[in-house]
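The file protein36.cif contains mmCIF, C-alpha atoms and all ligand atoms:
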data_query
#
loop_
_atom_site.label_atom_id
_atom_site.label_comp_id
_atom_site.auth_asym_id
_atom_site.auth_seq_id
_atom_site.Cartn_x
_atom_site.Cartn_y
_atom_site.Cartn_z
CA MET A 2 -25.51 5.18 2.40
CA THR A 3 -22.03 3.95 1.43
CA ARG A 4 -21.19 0.27 1.76
CA ARG A 5 -18.48 -0.40 4.34
CA VAL A 6 -14.91 -1.09 3.19
CA ARG A 7 -14.04 -4.48 4.73
CA LYS A 8 -11.33 -5.86 2.47
CA ALA A 9 -7.94 -4.59 1.25
CA VAL A 10 -5.77 -5.80 -1.61
CA LEU A 11 -1.99 -5.59 -1.08
CA PRO A 12 -0.14 -6.29 -4.35
CA VAL A 13 3.41 -7.47 -3.66
CA ALA A 14 4.21 -9.48 -6.79
CA GLY A 15 6.43 -6.87 -8.50
CA LEU A 16 10.09 -7.67 -9.12
CA GLY A 17 11.42 -4.89 -6.90
CA THR A 18 14.20 -4.11 -9.37
CA ARG A 19 15.10 -0.87 -7.60
CA VAL A 20 16.09 -2.68 -4.42
CA LEU A 21 17.91 -5.65 -5.94
CA PRO A 22 19.88 -7.67 -5.03
CA GLY A 23 18.20 -7.41 -1.60
CA ALA A 24 14.80 -8.25 -3.10
CA LYS A 25 16.13 -11.36 -4.87
CA THR A 26 15.45 -13.87 -2.08
CA THR A 27 13.58 -11.63 0.39
CA PRO A 28 10.38 -10.16 -1.04
CA LYS A 29 10.82 -6.36 -1.22
CA ASN A 30 8.01 -5.74 1.26
CA MET A 31 9.60 -8.12 3.75
CA LEU A 32 12.71 -5.94 4.05
CA ASN A 33 12.99 -4.52 7.55
CA VAL A 34 12.26 -1.00 8.66
CA VAL A 35 13.89 -0.85 12.12
CA ASP A 36 12.81 -4.27 13.47
CA ARG A 37 9.70 -5.23 11.50
CA PRO A 38 9.09 -5.98 7.82
CA ILE A 39 7.52 -3.17 5.80
CA LEU A 40 4.35 -5.28 5.47
CA SER A 41 3.86 -5.35 9.23
CA TYR A 42 3.34 -1.55 9.28
CA VAL A 43 0.93 -1.67 6.34
CA VAL A 44 -1.15 -4.51 7.80
CA GLU A 45 -1.41 -2.56 11.07
CA GLU A 46 -2.57 0.50 9.08
CA ALA A 47 -5.23 -1.65 7.39
CA ARG A 48 -6.52 -2.99 10.69
CA THR A 49 -6.70 0.50 12.22
CA ALA A 50 -8.90 1.52 9.28
CA GLY A 51 -11.35 -1.30 10.06
CA ILE A 52 -10.18 -3.75 7.38
CA GLU A 53 -11.23 -7.33 8.24
CA HIS A 54 -9.67 -9.29 5.37
CA ILE A 55 -6.40 -8.76 3.54
CA VAL A 56 -5.78 -10.18 0.08
CA PHE A 57 -2.10 -10.41 -0.87
CA ILE A 58 -1.22 -10.67 -4.55
CA VAL A 59 2.07 -12.55 -4.49
CA GLY A 60 4.62 -13.88 -6.95
CA ARG A 61 6.91 -16.91 -7.00
CA GLY A 62 9.45 -17.17 -4.22
CA GLN A 63 7.41 -15.04 -1.81
CA GLY A 64 6.43 -17.79 0.62
CA ALA A 65 8.15 -15.80 3.39
CA ILE A 66 5.12 -13.50 3.46
CA GLU A 67 2.68 -16.31 4.25
CA ASP A 68 5.10 -17.72 6.81
CA TYR A 69 5.45 -14.33 8.51
CA PHE A 70 1.69 -14.09 9.08
CA ASP A 71 1.46 -17.65 10.42
CA ALA A 72 2.20 -18.98 13.90
CA SER A 73 5.82 -19.99 14.65
CA PRO A 74 5.51 -22.60 17.43
CA GLU A 75 9.26 -23.27 17.82
CA ILE A 76 10.20 -19.62 18.30
CA GLU A 77 7.13 -18.94 20.45
CA GLN A 78 7.87 -21.91 22.73
CA ALA A 79 11.51 -20.88 23.08
CA LEU A 80 10.54 -17.30 23.96
CA ALA A 81 7.92 -18.52 26.47
CA ALA A 82 10.44 -20.87 28.10
CA LYS A 83 12.90 -17.99 28.49
CA GLY A 84 10.21 -15.70 29.90
CA LYS A 85 10.58 -13.20 27.06
CA ALA A 86 6.93 -12.14 27.08
CA ASP A 87 7.60 -8.72 25.53
CA ILE A 88 9.18 -10.16 22.34
CA LEU A 89 6.46 -12.83 22.21
CA ASN A 90 3.77 -10.16 22.31
CA GLU A 91 5.54 -8.15 19.60
CA MET A 92 5.53 -11.24 17.37
CA ARG A 93 1.90 -12.15 18.04
CA ARG A 94 0.75 -8.59 17.35
CA ASP A 95 1.05 -9.18 13.59
CA LEU A 96 -0.87 -12.44 13.44
CA PRO A 97 -4.33 -12.48 11.85
CA GLU A 98 -7.23 -14.56 13.10
CA PRO A 99 -7.52 -17.72 10.99
CA GLY A 100 -9.31 -16.87 7.73
CA GLN A 101 -8.54 -13.15 7.71
CA MET A 102 -5.86 -13.32 4.99
CA SER A 103 -5.84 -14.71 1.44
CA PHE A 104 -2.85 -15.22 -0.85
CA ILE A 105 -3.26 -15.18 -4.64
CA ARG A 106 -0.51 -15.88 -7.17
CA GLN A 107 -0.33 -13.34 -9.98
CA MET A 108 1.76 -15.86 -12.01
CA ALA A 109 3.37 -13.11 -14.14
CA PRO A 110 3.99 -9.47 -13.14
CA LEU A 111 1.92 -7.93 -15.93
CA GLY A 112 1.27 -4.68 -14.10
CA LEU A 113 -0.58 -3.25 -11.11
CA GLY A 114 -3.95 -3.32 -12.92
CA HIS A 115 -3.50 -7.02 -13.61
CA ALA A 116 -2.45 -7.67 -10.00
CA ILE A 117 -5.63 -6.03 -8.69
CA TRP A 118 -7.79 -7.93 -11.21
CA CYS A 119 -6.43 -11.19 -9.74
CA ALA A 120 -8.35 -10.36 -6.51
CA ARG A 121 -11.78 -10.16 -8.20
CA ASP A 122 -13.27 -13.42 -6.85
CA VAL A 123 -12.12 -12.86 -3.29
CA ILE A 124 -13.34 -9.24 -3.22
CA GLY A 125 -16.69 -9.97 -4.90
CA ASP A 126 -19.27 -7.22 -5.27
CA GLU A 127 -18.22 -4.72 -2.61
CA PRO A 128 -16.02 -1.61 -2.33
CA PHE A 129 -12.45 -2.39 -1.32
CA ALA A 130 -9.16 -0.73 -0.46
CA ILE A 131 -5.86 -1.03 -2.30
CA MET A 132 -2.62 -0.44 -0.40
CA LEU A 133 0.70 -0.32 -2.23
CA PRO A 134 2.84 -1.68 0.57
CA ASP A 135 6.14 -0.21 -0.55
CA MET A 136 4.67 3.18 0.33
CA LEU A 137 4.99 3.54 4.09
CA MET A 138 2.78 6.40 5.17
CA MET A 139 3.50 7.88 8.57
CA ALA A 140 0.31 9.63 9.62
CA GLU A 141 -2.10 10.08 12.52
CA PRO A 142 -4.81 9.01 11.91
CA PRO A 143 -3.23 6.49 9.53
CA ALA A 144 -3.56 7.21 5.79
CA LEU A 145 -6.12 4.49 5.03
CA ALA A 146 -8.29 5.62 7.97
CA GLN A 147 -8.22 9.14 6.48
CA ALA A 148 -9.30 7.66 3.13
CA VAL A 149 -12.13 5.66 4.74
CA ALA A 150 -13.37 8.80 6.54
CA ALA A 151 -13.38 10.67 3.19
CA TYR A 152 -15.20 7.74 1.56
CA GLU A 153 -17.87 7.80 4.25
CA ARG A 154 -18.45 11.50 3.42
CA VAL A 155 -18.55 11.41 -0.38
CA GLY A 156 -18.80 7.72 -1.44
CA GLY A 157 -17.69 6.59 -4.90
CA ASN A 158 -13.96 6.10 -5.40
CA ILE A 159 -11.15 7.71 -3.39
CA VAL A 160 -7.52 8.12 -4.45
CA VAL A 161 -4.98 9.31 -1.87
CA VAL A 162 -2.60 11.90 -3.34
CA GLU A 163 0.25 14.15 -2.29
CA PRO A 164 2.39 16.86 -3.92
CA ALA A 165 5.22 15.51 -6.08
CA PRO A 166 8.69 16.95 -5.45
CA GLU A 167 9.34 20.06 -7.58
CA GLY A 168 9.94 19.12 -11.25
CA GLU A 169 9.25 15.38 -10.73
CA ALA A 170 5.51 15.11 -11.45
CA HIS A 171 6.21 13.43 -14.82
CA LYS A 172 7.51 10.35 -12.97
CA TYR A 173 4.16 9.57 -11.31
CA GLY A 174 0.45 8.94 -11.85
CA ILE A 175 -0.96 12.49 -11.68
CA VAL A 176 -4.56 13.58 -11.03
CA ALA A 177 -6.59 16.36 -12.67
CA LEU A 178 -8.99 18.15 -10.32
CA ASP A 179 -12.23 20.04 -10.76
CA GLY A 180 -10.95 22.97 -8.67
CA ARG A 181 -9.00 22.78 -5.41
CA ASP A 182 -10.69 23.64 -2.13
CA GLY A 183 -9.28 21.89 0.94
CA PRO A 184 -7.80 18.38 0.94
CA LEU A 185 -10.74 16.48 -0.68
CA ASN A 186 -11.52 17.42 -4.27
CA ARG A 187 -13.49 15.92 -7.12
CA MET A 188 -11.28 14.46 -9.85
CA VAL A 189 -11.84 14.95 -13.57
CA GLY A 190 -8.98 12.84 -14.90
CA MET A 191 -5.65 11.15 -14.28
CA VAL A 192 -2.63 10.29 -16.33
CA GLU A 193 0.26 7.85 -15.77
CA LYS A 194 3.69 9.50 -16.18
CA PRO A 195 2.63 12.62 -18.17
CA ALA A 196 5.17 14.19 -20.53
CA PRO A 197 7.09 16.94 -18.66
CA GLY A 198 5.19 20.23 -18.91
CA THR A 199 1.80 18.56 -19.53
CA GLU A 200 1.04 17.56 -15.90
CA PRO A 201 -2.56 18.49 -14.99
CA SER A 202 -1.54 19.13 -11.33
CA ASN A 203 1.39 18.48 -9.00
CA LEU A 204 -0.55 15.80 -7.08
CA PHE A 205 0.51 12.20 -7.50
CA ILE A 206 -1.35 9.02 -6.63
CA SER A 207 0.59 7.83 -3.65
CA GLY A 208 -0.46 4.32 -2.72
CA ARG A 209 -3.87 4.08 -1.01
CA TYR A 210 -7.18 3.78 -2.84
CA ILE A 211 -10.81 2.89 -2.22
CA LEU A 212 -12.44 1.54 -5.35
CA GLN A 213 -15.82 0.18 -6.35
CA PRO A 214 -15.97 -3.42 -7.66
CA GLU A 215 -16.94 -2.29 -11.18
CA ILE A 216 -13.20 -1.74 -11.74
CA PHE A 217 -12.76 -5.52 -12.21
CA ALA A 218 -14.84 -5.74 -15.41
CA ILE A 219 -12.79 -2.87 -16.85
CA LEU A 220 -9.43 -4.43 -15.95
CA GLU A 221 -10.57 -7.76 -17.44
CA THR A 222 -10.47 -6.50 -21.05
CA GLN A 223 -7.95 -3.72 -20.70
CA GLU A 224 -5.08 -3.26 -23.16
CA ARG A 225 -1.51 -2.81 -21.95
CA GLY A 226 -0.56 0.83 -21.30
CA ALA A 227 2.62 2.69 -20.27
CA GLY A 228 5.66 0.40 -19.97
CA GLY A 229 3.75 -2.45 -21.65
CA GLU A 230 1.92 -3.08 -18.33
CA ILE A 231 -1.79 -3.30 -17.52
CA GLN A 232 -2.09 -0.02 -15.66
CA LEU A 233 -4.52 0.55 -12.79
CA THR A 234 -4.53 4.26 -13.70
CA ASP A 235 -5.97 3.49 -17.15
CA GLY A 236 -8.71 1.34 -15.57
CA MET A 237 -9.61 4.06 -13.07
CA ALA A 238 -9.74 6.68 -15.85
CA HIS A 239 -12.26 4.44 -17.61
CA LEU A 240 -14.35 3.93 -14.45
CA MET A 241 -14.40 7.70 -13.97
CA LYS A 242 -16.67 7.99 -17.01
CA THR A 243 -19.52 6.46 -14.98
CA GLN A 244 -18.57 6.93 -11.29
CA SER A 245 -17.34 9.76 -9.06
CA PHE A 246 -13.70 9.94 -7.99
CA HIS A 247 -12.26 12.18 -5.27
CA ALA A 248 -8.59 12.86 -4.58
CA LEU A 249 -7.69 13.09 -0.89
CA GLU A 250 -4.52 15.03 -0.07
CA TYR A 251 -3.72 13.15 3.11
CA ALA A 252 -1.94 14.61 6.14
CA GLY A 253 1.30 12.70 6.75
CA THR A 254 4.68 11.73 5.28
CA THR A 255 5.27 9.02 2.68
CA TYR A 256 8.42 6.90 2.43
CA ASP A 257 8.88 4.97 -0.82
CA CYS A 258 10.55 1.80 0.45
CA GLY A 259 10.84 0.45 -3.09
CA ASP A 260 13.74 2.84 -3.54
CA LYS A 261 17.16 2.59 -1.83
CA LEU A 262 17.18 6.08 -0.32
CA GLY A 263 13.46 5.93 0.50
CA LEU A 264 14.09 2.74 2.49
CA LEU A 265 16.97 4.41 4.31
CA ARG A 266 14.82 7.48 5.12
CA ALA A 267 12.04 5.21 6.40
CA ASN A 268 14.45 3.41 8.71
CA VAL A 269 15.71 6.69 10.13
CA ALA A 270 12.25 8.26 10.48
CA TYR A 271 10.62 5.20 12.09
CA ALA A 272 13.55 4.76 14.51
CA LEU A 273 13.31 8.43 15.53
CA ALA A 274 9.55 7.97 16.07
CA ARG A 275 10.11 5.14 18.58
CA PRO A 276 10.45 6.55 22.11
CA GLU A 277 12.80 3.77 23.26
CA LEU A 278 15.09 4.16 20.23
CA ALA A 279 14.95 7.87 19.43
CA ASP A 280 17.89 9.05 21.57
CA GLY A 281 20.17 6.22 20.46
CA ALA A 282 19.20 6.71 16.81
CA ARG A 283 19.85 10.44 17.00
CA ALA A 284 23.28 9.88 18.56
CA ALA A 285 24.18 7.26 15.94
CA ILE A 286 23.16 9.52 13.06
CA ARG A 287 25.04 12.49 14.50
CA ALA A 288 28.17 10.38 14.91
CA LEU A 289 28.00 9.29 11.28
CA LEU A 290 27.58 12.85 10.05
P1 LIG B 301 6.12 -0.92 -8.39
O1 LIG B 301 6.34 -0.72 -9.83
O2 LIG B 301 6.43 0.19 -7.43
O3 LIG B 301 6.92 -2.18 -7.84
O4 LIG B 301 4.62 -1.43 -8.17
P2 LIG B 301 7.96 -3.13 -8.51
O5 LIG B 301 7.56 -3.47 -9.91
O6 LIG B 301 8.17 -4.27 -7.58
O7 LIG B 301 9.26 -2.22 -8.42
P3 LIG B 301 10.42 -1.90 -9.43
O8 LIG B 301 9.91 -0.75 -10.23
O9 LIG B 301 10.68 -3.16 -10.22
O10 LIG B 301 11.58 -1.54 -8.54
C1 LIG B 301 3.77 -1.03 -7.09
C2 LIG B 301 3.28 -2.22 -6.31
O11 LIG B 301 2.54 -3.09 -7.16
C3 LIG B 301 3.06 -4.40 -7.09
C4 LIG B 301 4.48 -4.26 -6.59
O12 LIG B 301 4.88 -5.42 -5.89
C5 LIG B 301 4.39 -3.05 -5.70
O13 LIG B 301 4.03 -3.39 -4.37
N1 LIG B 301 2.96 -5.04 -8.43
C6 LIG B 301 3.41 -4.38 -9.52
C7 LIG B 301 2.40 -6.30 -8.54
O14 LIG B 301 1.98 -6.92 -7.53
N2 LIG B 301 2.32 -6.88 -9.78
C8 LIG B 301 2.77 -6.25 -10.89
O15 LIG B 301 2.65 -6.84 -11.99
C9 LIG B 301 3.32 -4.97 -10.76
#

Could you render the structure as structure tokens?
Amino acid sequence: MTRRVRKAVLPVAGLGTRVLPGAKTTPKNMLNVVDRPILSYVVEEARTAGIEHIVFIVGRGQGAIEDYFDASPEIEQALAAKGKADILNEMRRDLPEPGQMSFIRQMAPLGLGHAIWCARDVIGDEPFAIMLPDMLMMAEPPALAQAVAAYERVGGNIVVVEPAPEGEAHKYGIVALDGRDGPLNRMVGMVEKPAPGTEPSNLFISGRYILQPEIFAILETQERGAGGEIQLTDGMAHLMKTQSFHALEYAGTTYDCGDKLGLLRANVAYALARPELADGARAAIRALL
């Protein structure tokens, strides 16, 4: 019997250097895709997967995130007075129930492993999800729901993966598999940014995980790895010595919104996926081309 995944950690405290200067005063994950911040899509994905509590790992100057997930009485009253119920409903859709979100300051961006470790007290002793919010994953069922379904089948730890573009595997965290049969395979290793030509597979870790709480004790004492950062990949490789890990090749399309062109592609793809915007978006794109 696997324990249910109720909580998700969303680390957003990185500097977002690839989308500066935009990410200077607006947290990277608050940049818009069509008409909603990136985080709005990821929080919806979490809820669809049955997540009840979201833990944000934030940095300085990111108060806009907390404000976004809070009530906004002035705007709501103005919309109600003008009878704009549809916009009001759109805004309320993102709001949690009181107590369903926590915000933790990382204090210094020492790496993804360190960011996750900051959530240890709020997560406690239960399995949890990690969602890297700059990765927007367009999928049905949503990517985290696919991961939870895989977890309910095999338990242990689940890492969502996808094929890296040809010749680019050395830029990512890459998994090593114990054979490949269908989308869910047992992992035997992983490596962060392998030297070109040494990649154990073409599958990269793409931004959704389900981990067991024993990861926290490992991250607590972990040395800095690639790039001088405390790497989650190193911690998971350590945990793999005592626990099972499966890689799930999810069905869907990922947009890396932490990258200029990825953010542009996400805007185009999500506009085209909206019935009320698709025709206008298509016409606008055609005109530009
Ligand atoms: P990235 O490396 O993609 O994000 O980390 P970044 O550091 O913001 O981006 P660049 O490379 O400078 O452009 C993946 C996720 O982990 C978070 C980031 O906010 C991002 O959502 N992160 C990373 C932290 O919360 N803390 C860290 O110390 C590092």

Listing only residues of chain A within 6 Å of ligand LIG 301 (chain B), what is the closest atom pair and its distance in Å (to one decimal) for each, using all atoms listed in the file, sorted by chain and residue number ascending, as a tab-separated table?
residue	atom	partner	partner_atom	distance
A:Pro12	CA	B:LIG301	O14	3.9
A:Val13	CA	B:LIG301	O12	3.4
A:Ala14	CA	B:LIG301	O14	3.5
A:Gly15	CA	B:LIG301	O6	3.3
A:Leu16	CA	B:LIG301	O6	4.2
A:Gly17	CA	B:LIG301	O6	3.4
A:Thr18	CA	B:LIG301	O9	3.7
A:Arg19	CA	B:LIG301	O10	3.7
A:Ile58	CA	B:LIG301	O14	5.8
A:Pro110	CA	B:LIG301	O15	3.2
A:Leu111	CA	B:LIG301	O15	4.2
A:Gly112	CA	B:LIG301	O15	3.3
A:Leu113	CA	B:LIG301	C9	4.3
A:Ala116	CA	B:LIG301	N2	4.8
A:Leu133	CA	B:LIG301	O13	5.0
A:Pro134	CA	B:LIG301	O13	5.4
A:Asp135	CA	B:LIG301	O13	5.4
A:Gly259	CA	B:LIG301	O10	5.8

Using C-alpha atoms, can you export the residues from the last selection as an mmCIF file, keeping the file's coordinate frame?
data_model
loop_
_atom_site.group_PDB
_atom_site.id
_atom_site.type_symbol
_atom_site.label_atom_id
_atom_site.label_comp_id
_atom_site.auth_asym_id
_atom_site.auth_seq_id
_atom_site.Cartn_x
_atom_site.Cartn_y
_atom_site.Cartn_z
ATOM 1 C CA PRO A 12 -0.140 -6.290 -4.350
ATOM 2 C CA VAL A 13 3.410 -7.470 -3.660
ATOM 3 C CA ALA A 14 4.210 -9.480 -6.790
ATOM 4 C CA GLY A 15 6.430 -6.870 -8.500
ATOM 5 C CA LEU A 16 10.090 -7.670 -9.120
ATOM 6 C CA GLY A 17 11.420 -4.890 -6.900
ATOM 7 C CA THR A 18 14.200 -4.110 -9.370
ATOM 8 C CA ARG A 19 15.100 -0.870 -7.600
ATOM 9 C CA ILE A 58 -1.220 -10.670 -4.550
ATOM 10 C CA PRO A 110 3.990 -9.470 -13.140
ATOM 11 C CA LEU A 111 1.920 -7.930 -15.930
ATOM 12 C CA GLY A 112 1.270 -4.680 -14.100
ATOM 13 C CA LEU A 113 -0.580 -3.250 -11.110
ATOM 14 C CA ALA A 116 -2.450 -7.670 -10.000
ATOM 15 C CA LEU A 133 0.700 -0.320 -2.230
ATOM 16 C CA PRO A 134 2.840 -1.680 0.570
ATOM 17 C CA ASP A 135 6.140 -0.210 -0.550
ATOM 18 C CA GLY A 259 10.840 0.450 -3.090
#

>> What does the structure give for the distance between CA of Ile206 (chain A) and CA of Leu249 (chain A), in Å to one decimal?
In response: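 CA of Leu249 (chain A) lies 9.5 Å from CA of Ile206 (chain A).
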
> So, counting all atoms listed in the file, which residue among A:Val44, A:Met139, A:Val269, A:Met237 is closest to Tyr251 (chain A)?
Replying inline: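 Under the stated criterion, the closest residue is A:Met139.
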
> Which one of A:Leu11, A:Ile175, A:Ala146, A:Ile159 sits closest to His54 (chain A) if you count all atoms listed in the file?
Replying inline: A:Leu11

> Got a sec: who's within 9 Å of region 220-228 of chain A, counting all atoms listed in the file, leaving out chain neighbours fewer than 3 positions off, as a PyMOL selection string?
Replying inline: chain A and resi 111-112+114-115+117-118+193-194+216-217+231-233+235-237

>> Would you pick out the contacts of Tyr210 (chain A) at 8 Å or less, using only C-alpha atoms, so that residues sharing its chain but fewer than 6 positions from it are not included, and give the list as a list in words?
In response: Ala130, Ile131, Met132, Leu145, Ala148, Asn158, Ile159, Val160 and Val161 of chain A

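In terms of minimum interatomic distance to Gly156 (chain A), A:Gln244 ranks closest within A:Gln244, A:Asn30, A:Gln63, A:Gln107, counting all atoms listed in the file.
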
> In terms of the shortest atom-to-atom distance over all atoms listed in the file, which of A:Glu141, A:Glu250, A:Glu98, A:Asp126 is closest to Glu46 (chain A)?
Replying inline: A:Glu141

> Within 12 Å of Asn186 (chain A), counting all atoms listed in the file, which residues qualify if same-chain residues fewer than 2 places away don't, as a ChimeraX atom specification?
Replying inline: /A:151-152,154-155,158-162,176-184,188-190,204,245-251

> Within 6 Å of (-0.6, 14.9, -16.2), in the coordinates the file gives, what residues turn up when you count all atoms listed in the file, written out as a VMD selection string?
Replying inline: chain A and resid 175 192 195 199 to 201

> Which residues, written as a list in words, have at least one atom at most 8 Å from region 271-281 of chain A, with all atoms listed in the file counted and residues fewer than 3 positions away on the same chain left out?
Replying inline: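 After dropping sequence-adjacent residues, the list is Val34, Val35, Ala267, Asn268, Ala284 and Ala285 of chain A.
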
>> Please list as a PyMOL selection string every residue within 9 Å of Met31 (chain A), counting all atoms listed in the file and excluding residues in the same chain fewer than 5 positions away.
In response: chain A and resi 24+37-41+65-66+69

>> My list of candidates is A:Pro128, A:Gly263, A:Pro164, A:Gly174. Which is closest to Glu215 (chain A) when distances are computed with only C-alpha atoms?
In response: A:Pro128

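Put simply, CA of Gln101 (chain A) is 13.7 Å away from CA of Ala72 (chain A).
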
> Which distance in Å separates CA of Ala165 (chain A) and CA of Phe129 (chain A), to one decimal?
Replying inline: 25.6 Å

>> Please determine, counting all atoms listed in the file, which residue among A:Arg93, A:Asp122, A:Phe70, A:Arg5 has the shortest atom-to-atom distance to Ala218 (chain A).
In response: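 Under the stated criterion, the closest residue is A:Asp122.
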